[in-house]
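Trainee: The structure under discussion is supplied below as structure tokens; questions concerning it will follow.
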Amino acid sequence: MAGQDELEYLKSLVEQLNAKIHALEAKAKQAVAPAPTPAQQLRTILMGPPGAGKGTQAPRIRDEFCVCHLATGDMLRDQVAKKTKLGQEAKKIMDAGGLVSDDIMVGMIKDQLENNQACKNGFVLDGFPRTVPQAEKLDSMLESRKEKLDSVVELVIDDQLLVSRITGRLIHPASGRTYHKEFNPPKKPMVDDVTGEPLVQRSDDNVEALRKRLAVYHTQTGPVVEYYKKKNLWHPVDAAQSPSVVWENLRSIFTRKQ
């Protein structure tokens, strides 16, 4: 009888060991599971006036669809911070409420598309193209790479609402985190919640400069919208809605295109 008990005990031990082995194997598979990749590549442009929410939505598109976020504004500000020749030229133009030249922008974008590994699954372009010639250059560049755009999304919002939004905007320069004096204030005035470092207000975030930027935006990008409408790529999204609703609208456009 003792032999029978020992046999049952060993069988039970084997079952427990097998169960443990299966659990460990499953855990190991999860640990080495590849990063999520899209079922299909996404190549999109996110348009919209300054303050419309491109900086909020573009990183979500990047993370959800595994593409690179090419924000021309961030690239320019990086050059300004480093005080390169390009950065000094760009700062003068931005402080005056103008937009930077085609040659500067096209050079930066082309370099990113060709050399940035994060762009292999596609991209979301933020802040480019602003003119029809830029749009045509982008099309030619993509065609030479045997690629084409999937969609062009414009965040649409009333100018006056933008003025109230953007003139209260505060930025943590090191991380790019943004706050708003009225709509999203930091826990302590003018101090970053995470690091405790001081926040700054961008020098071009004043009403007069903003109105100039909006006027330039509408004058230059109106024809760009028409250009993409003719190609059946343009999709408007109401940017006055809450960021979560705007995101759902964007997501439905991109998933519908796949």
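A note on labels: chains of the structure tokens are A, B, ... as shown, every chain counts residues from 1, and ligands are counted from 1 in their shown order.
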Quick one: everything within 9 Å of Thr167 in chain A, counting only C-alpha atoms, minus sequence neighbours fewer than 5 positions away in the same chain. Send it as a ChimeraX atom specification.

Mentor: /A:162,180-181,201,205-207,210

Trainee: Could you take the residues named above and write them with C-alpha atoms, as a tab-separated table (two decimals), in the first residue's frame?

Mentor:
chain	number	residue	atom	x	y	z
A	162	LEU	CA	-7.30	79.45	-30.43
A	180	HIS	CA	-2.19	76.12	-19.70
A	181	LYS	CA	-2.71	78.92	-17.18
A	201	GLN	CA	6.01	81.03	-22.13
A	205	ASP	CA	2.90	83.11	-27.75
A	206	ASN	CA	1.44	86.60	-27.66
A	207	VAL	CA	-1.76	87.79	-29.28
A	210	LEU	CA	-0.43	84.65	-32.94

Trainee: Step one, run DSSP on the backbone; step two, keep only residues of range 43-133 of chain A assigned to strand (DSSP E or B); then write them as a PyMOL selection string.

Mentor: chain A and resi 43-47+68-71+122-126

Trainee: As a ChimeraX atom specification, please: all residues of range 77-173 of chain A that backbone DSSP puts in alpha helix (DSSP H).

Mentor: /A:77-81,85-95,102-115,132-144,159-166

Trainee: Keeping only N, CA and C atoms, write those residues as a short mmCIF file (atom, residue, chain, number, x, y, z; two decimals), in the first residue's frame.

Mentor:
data_model
loop_
_atom_site.label_atom_id
_atom_site.label_comp_id
_atom_site.auth_asym_id
_atom_site.auth_seq_id
_atom_site.Cartn_x
_atom_site.Cartn_y
_atom_site.Cartn_z
N ARG A 77 12.71 74.07 -33.07
CA ARG A 77 13.04 74.55 -31.72
C ARG A 77 14.33 73.91 -31.19
N ASP A 78 14.58 72.67 -31.62
CA ASP A 78 15.83 72.00 -31.25
C ASP A 78 17.02 72.76 -31.84
N GLN A 79 16.87 73.18 -33.10
CA GLN A 79 17.93 73.95 -33.75
C GLN A 79 18.11 75.31 -33.06
N VAL A 80 17.00 75.93 -32.66
CA VAL A 80 17.06 77.23 -31.97
C VAL A 80 17.78 77.07 -30.63
N ALA A 81 17.44 76.01 -29.89
CA ALA A 81 18.05 75.77 -28.58
C ALA A 81 19.56 75.56 -28.71
N LYS A 85 23.19 77.96 -36.98
CA LYS A 85 22.90 79.02 -37.94
C LYS A 85 21.45 78.94 -38.39
N LEU A 86 21.01 77.72 -38.70
CA LEU A 86 19.62 77.50 -39.10
C LEU A 86 18.67 77.92 -37.98
N GLY A 87 19.02 77.59 -36.74
CA GLY A 87 18.19 77.92 -35.60
C GLY A 87 18.06 79.42 -35.38
N GLN A 88 19.17 80.15 -35.57
CA GLN A 88 19.13 81.60 -35.39
C GLN A 88 18.27 82.27 -36.47
N GLU A 89 18.37 81.78 -37.69
CA GLU A 89 17.53 82.29 -38.78
C GLU A 89 16.06 82.02 -38.48
N ALA A 90 15.79 80.77 -38.05
CA ALA A 90 14.41 80.37 -37.78
C ALA A 90 13.81 81.17 -36.63
N LYS A 91 14.61 81.47 -35.60
CA LYS A 91 14.08 82.21 -34.43
C LYS A 91 13.60 83.60 -34.83
N LYS A 92 14.39 84.28 -35.67
CA LYS A 92 13.99 85.62 -36.14
C LYS A 92 12.64 85.56 -36.84
N ILE A 93 12.48 84.54 -37.69
CA ILE A 93 11.24 84.41 -38.47
C ILE A 93 10.07 84.08 -37.55
N MET A 94 10.27 83.12 -36.61
CA MET A 94 9.17 82.70 -35.72
C MET A 94 8.79 83.82 -34.76
N ASP A 95 9.77 84.57 -34.25
CA ASP A 95 9.47 85.67 -33.33
C ASP A 95 8.64 86.75 -34.01
N ASP A 102 10.98 77.02 -47.30
CA ASP A 102 10.83 75.67 -47.85
C ASP A 102 12.14 74.88 -47.77
N ASP A 103 13.24 75.54 -48.14
CA ASP A 103 14.53 74.84 -48.20
C ASP A 103 14.92 74.26 -46.85
N ILE A 104 14.71 75.03 -45.78
CA ILE A 104 15.05 74.56 -44.44
C ILE A 104 14.17 73.37 -44.07
N MET A 105 12.86 73.49 -44.32
CA MET A 105 11.91 72.44 -43.93
C MET A 105 12.11 71.15 -44.74
N VAL A 106 12.21 71.29 -46.05
CA VAL A 106 12.34 70.11 -46.91
C VAL A 106 13.62 69.35 -46.58
N GLY A 107 14.70 70.07 -46.30
CA GLY A 107 15.95 69.41 -45.95
C GLY A 107 15.82 68.56 -44.69
N MET A 108 15.15 69.09 -43.67
CA MET A 108 14.99 68.35 -42.42
C MET A 108 14.09 67.13 -42.59
N ILE A 109 12.96 67.32 -43.30
CA ILE A 109 12.01 66.22 -43.48
C ILE A 109 12.62 65.09 -44.29
N LYS A 110 13.28 65.44 -45.37
CA LYS A 110 13.87 64.41 -46.24
C LYS A 110 14.89 63.57 -45.46
N ASP A 111 15.71 64.23 -44.67
CA ASP A 111 16.71 63.53 -43.87
C ASP A 111 16.06 62.54 -42.91
N GLN A 112 14.99 62.97 -42.27
CA GLN A 112 14.29 62.10 -41.33
C GLN A 112 13.68 60.88 -42.02
N LEU A 113 13.00 61.10 -43.12
CA LEU A 113 12.34 59.99 -43.83
C LEU A 113 13.36 58.96 -44.32
N GLU A 114 14.55 59.43 -44.67
CA GLU A 114 15.56 58.52 -45.22
C GLU A 114 16.38 57.83 -44.13
N ASN A 115 16.58 58.49 -43.00
CA ASN A 115 17.55 57.99 -42.01
C ASN A 115 16.98 57.61 -40.65
N VAL A 132 1.46 74.54 -51.32
CA VAL A 132 1.29 73.58 -52.41
C VAL A 132 2.64 73.14 -52.98
N PRO A 133 3.61 74.05 -53.19
CA PRO A 133 4.92 73.57 -53.66
C PRO A 133 5.55 72.54 -52.72
N GLN A 134 5.40 72.76 -51.40
CA GLN A 134 5.92 71.77 -50.45
C GLN A 134 5.18 70.45 -50.60
N ALA A 135 3.87 70.51 -50.77
CA ALA A 135 3.07 69.30 -50.93
C ALA A 135 3.50 68.54 -52.18
N GLU A 136 3.79 69.28 -53.25
CA GLU A 136 4.23 68.65 -54.50
C GLU A 136 5.61 68.02 -54.32
N LYS A 137 6.49 68.71 -53.58
CA LYS A 137 7.83 68.14 -53.32
C LYS A 137 7.72 66.88 -52.48
N LEU A 138 6.81 66.89 -51.51
CA LEU A 138 6.61 65.71 -50.67
C LEU A 138 6.11 64.54 -51.51
N ASP A 139 5.14 64.81 -52.38
CA ASP A 139 4.62 63.76 -53.26
C ASP A 139 5.73 63.16 -54.12
N SER A 140 6.58 64.01 -54.66
CA SER A 140 7.68 63.53 -55.51
C SER A 140 8.65 62.68 -54.70
N MET A 141 8.94 63.13 -53.49
CA MET A 141 9.86 62.38 -52.63
C MET A 141 9.29 61.00 -52.31
N LEU A 142 8.00 60.96 -51.95
CA LEU A 142 7.37 59.69 -51.61
C LEU A 142 7.30 58.77 -52.83
N GLU A 143 7.01 59.37 -53.98
CA GLU A 143 6.92 58.58 -55.22
C GLU A 143 8.26 57.93 -55.53
N SER A 144 9.35 58.67 -55.29
CA SER A 144 10.69 58.11 -55.56
C SER A 144 11.00 56.96 -54.60
N ASP A 159 -10.60 80.72 -34.87
CA ASP A 159 -9.42 81.50 -34.49
C ASP A 159 -9.52 82.09 -33.09
N GLN A 160 -10.67 82.62 -32.73
CA GLN A 160 -10.80 83.29 -31.44
C GLN A 160 -10.62 82.32 -30.27
N LEU A 161 -11.09 81.09 -30.46
CA LEU A 161 -10.90 80.07 -29.43
C LEU A 161 -9.41 79.73 -29.30
N LEU A 162 -8.73 79.72 -30.44
CA LEU A 162 -7.30 79.45 -30.43
C LEU A 162 -6.53 80.52 -29.67
N VAL A 163 -6.93 81.78 -29.85
CA VAL A 163 -6.24 82.87 -29.17
C VAL A 163 -6.29 82.66 -27.65
N SER A 164 -7.47 82.32 -27.13
CA SER A 164 -7.60 82.11 -25.69
C SER A 164 -6.84 80.87 -25.24
N ARG A 165 -6.78 79.87 -26.11
CA ARG A 165 -6.06 78.63 -25.78
C ARG A 165 -4.56 78.86 -25.69
N ILE A 166 -4.01 79.47 -26.74
CA ILE A 166 -2.56 79.45 -26.91
C ILE A 166 -1.84 80.52 -26.10
#

Trainee: Considering only C-alpha atoms, can you say which of A:Asp238, A:Asp158, A:Asp74, A:Glu197 comes closest to Leu214 in chain A?

Mentor: A:Asp158

Trainee: Between A:Asp150, A:Gln57, A:Arg177, A:Phe183, which residue has the minimum interatomic distance to Asn249 in chain A, considering only C-alpha atoms?

Mentor: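 That would be A:Gln57, the residue with the smallest distance to Asn249 in chain A.
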
Trainee: So the first atom is CA of Lys188 in chain A and the second is CA of His172 in chain A; what is the distance between them in Å, to one decimal place?

Mentor: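 Here the two named atoms are 13.1 Å from each other.
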
Trainee: Choose the residue, out of A:Ala58, A:Ala26, A:Met47, A:Ala174, that has the smallest atom-to-atom separation from Leu199 in chain A; count only C-alpha atoms.

Mentor: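 Nearest to Leu199 in chain A: A:Ala174.
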
Trainee: Could you check the closest approach to Val194 in chain A for each of A:Gly168, A:Val67, A:Leu10, A:Gly176 and tell me which residue wins, using only C-alpha atoms?

Mentor: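 Of all the options, A:Gly176 lies closest to Val194 in chain A.
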
Trainee: Give me, as a list in words, all polymer residues having an atom no more than 8 Å from Arg43 in chain A, counting only C-alpha atoms and skipping those fewer than 4 positions away in the same chain.

Mentor: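 Skipping anything fewer than 4 positions along the chain leaves Gly122, Phe123, Val124, Lys148, Leu149, Asp150 and Ser151 of chain A.
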
Trainee: Given the selection you just returned, output its residues as a file containing C-alpha atoms, formatted as a PDB file, in the first residue's frame.

Mentor:
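Here's the written file selection25.pdb:
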ATOM      1  CA  GLY A 122       5.291  55.007 -41.747  1.00  0.00           C
ATOM      2  CA  PHE A 123       4.977  58.501 -40.343  1.00  0.00           C
ATOM      3  CA  VAL A 124       2.749  61.280 -39.114  1.00  0.00           C
ATOM      4  CA  LYS A 148       2.185  57.487 -51.084  1.00  0.00           C
ATOM      5  CA  LEU A 149       0.067  59.248 -48.482  1.00  0.00           C
ATOM      6  CA  ASP A 150      -2.911  57.456 -46.903  1.00  0.00           C
ATOM      7  CA  SER A 151      -4.656  60.515 -45.505  1.00  0.00           C
TER       8      SER A 151
END

Trainee: Just want the 9 Å neighbourhood of Ala96 in chain A, counted on only C-alpha atoms, with same-chain residues fewer than 5 positions away dropped. Output as a PyMOL selection string.

Mentor: chain A and resi 91+204+209+212-213

Trainee: Write to file, as a compact mmCIF listing (two decimals), in the first residue's frame, the residues of the selection just made, with all heavy atoms.

Mentor:
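Result file is out.txt:
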# COMPACT_ATOMS: atom_id res chain seq x y z
N LYS A 91 14.61 81.47 -35.60
CA LYS A 91 14.08 82.21 -34.43
C LYS A 91 13.60 83.60 -34.83
O LYS A 91 12.54 84.06 -34.39
CB LYS A 91 15.14 82.31 -33.34
CG LYS A 91 14.58 82.90 -32.03
CD LYS A 91 15.59 82.88 -30.91
CE LYS A 91 14.96 83.24 -29.58
NZ LYS A 91 14.20 84.50 -29.58
N ASP A 204 6.83 83.63 -28.98
CA ASP A 204 5.85 83.93 -30.04
C ASP A 204 4.42 83.68 -29.58
O ASP A 204 3.48 83.77 -30.36
CB ASP A 204 6.16 83.14 -31.32
CG ASP A 204 6.16 81.64 -31.11
OD1 ASP A 204 6.10 81.20 -29.94
OD2 ASP A 204 6.22 80.89 -32.10
N ALA A 209 1.48 88.33 -32.36
CA ALA A 209 2.24 87.35 -33.15
C ALA A 209 1.35 86.18 -33.55
O ALA A 209 1.44 85.67 -34.67
CB ALA A 209 3.44 86.85 -32.37
N LYS A 212 -0.87 87.01 -36.47
CA LYS A 212 -0.07 86.98 -37.70
C LYS A 212 0.10 85.54 -38.17
O LYS A 212 -0.02 85.23 -39.36
CB LYS A 212 1.32 87.60 -37.45
CG LYS A 212 1.36 89.11 -37.48
CD LYS A 212 2.82 89.56 -37.37
CE LYS A 212 2.94 91.07 -37.24
NZ LYS A 212 4.34 91.48 -37.03
N ARG A 213 0.44 84.65 -37.22
CA ARG A 213 0.65 83.25 -37.57
C ARG A 213 -0.62 82.62 -38.13
O ARG A 213 -0.58 81.84 -39.08
CB ARG A 213 1.13 82.46 -36.33
CG ARG A 213 2.54 82.83 -35.89
CD ARG A 213 2.87 82.23 -34.53
NE ARG A 213 3.06 80.80 -34.58
CZ ARG A 213 2.96 79.99 -33.54
NH1 ARG A 213 2.62 80.47 -32.36
NH2 ARG A 213 3.18 78.70 -33.67

Trainee: When you count only C-alpha atoms, which of these residues is closest to Cys68 in chain A: A:Ile157, A:Ala118, A:Val224, A:Val152?

Mentor: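 For Cys68 in chain A, the nearest of the given residues is A:Ala118.
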
Trainee: Find, counting only C-alpha atoms, the residue in A:Ser244, A:Thr255, A:Glu154, A:Pro185 that gets nearest to Glu226 in chain A.

Mentor: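 Of A:Ser244, A:Thr255, A:Glu154, A:Pro185, the one nearest Glu226 in chain A, counting only C-alpha atoms, is A:Glu154.
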
Trainee: One decimal, in Å: what's the spacing between CA of Phe254 in chain A and CA of Gly53 in chain A?

Mentor: 17.3 Å
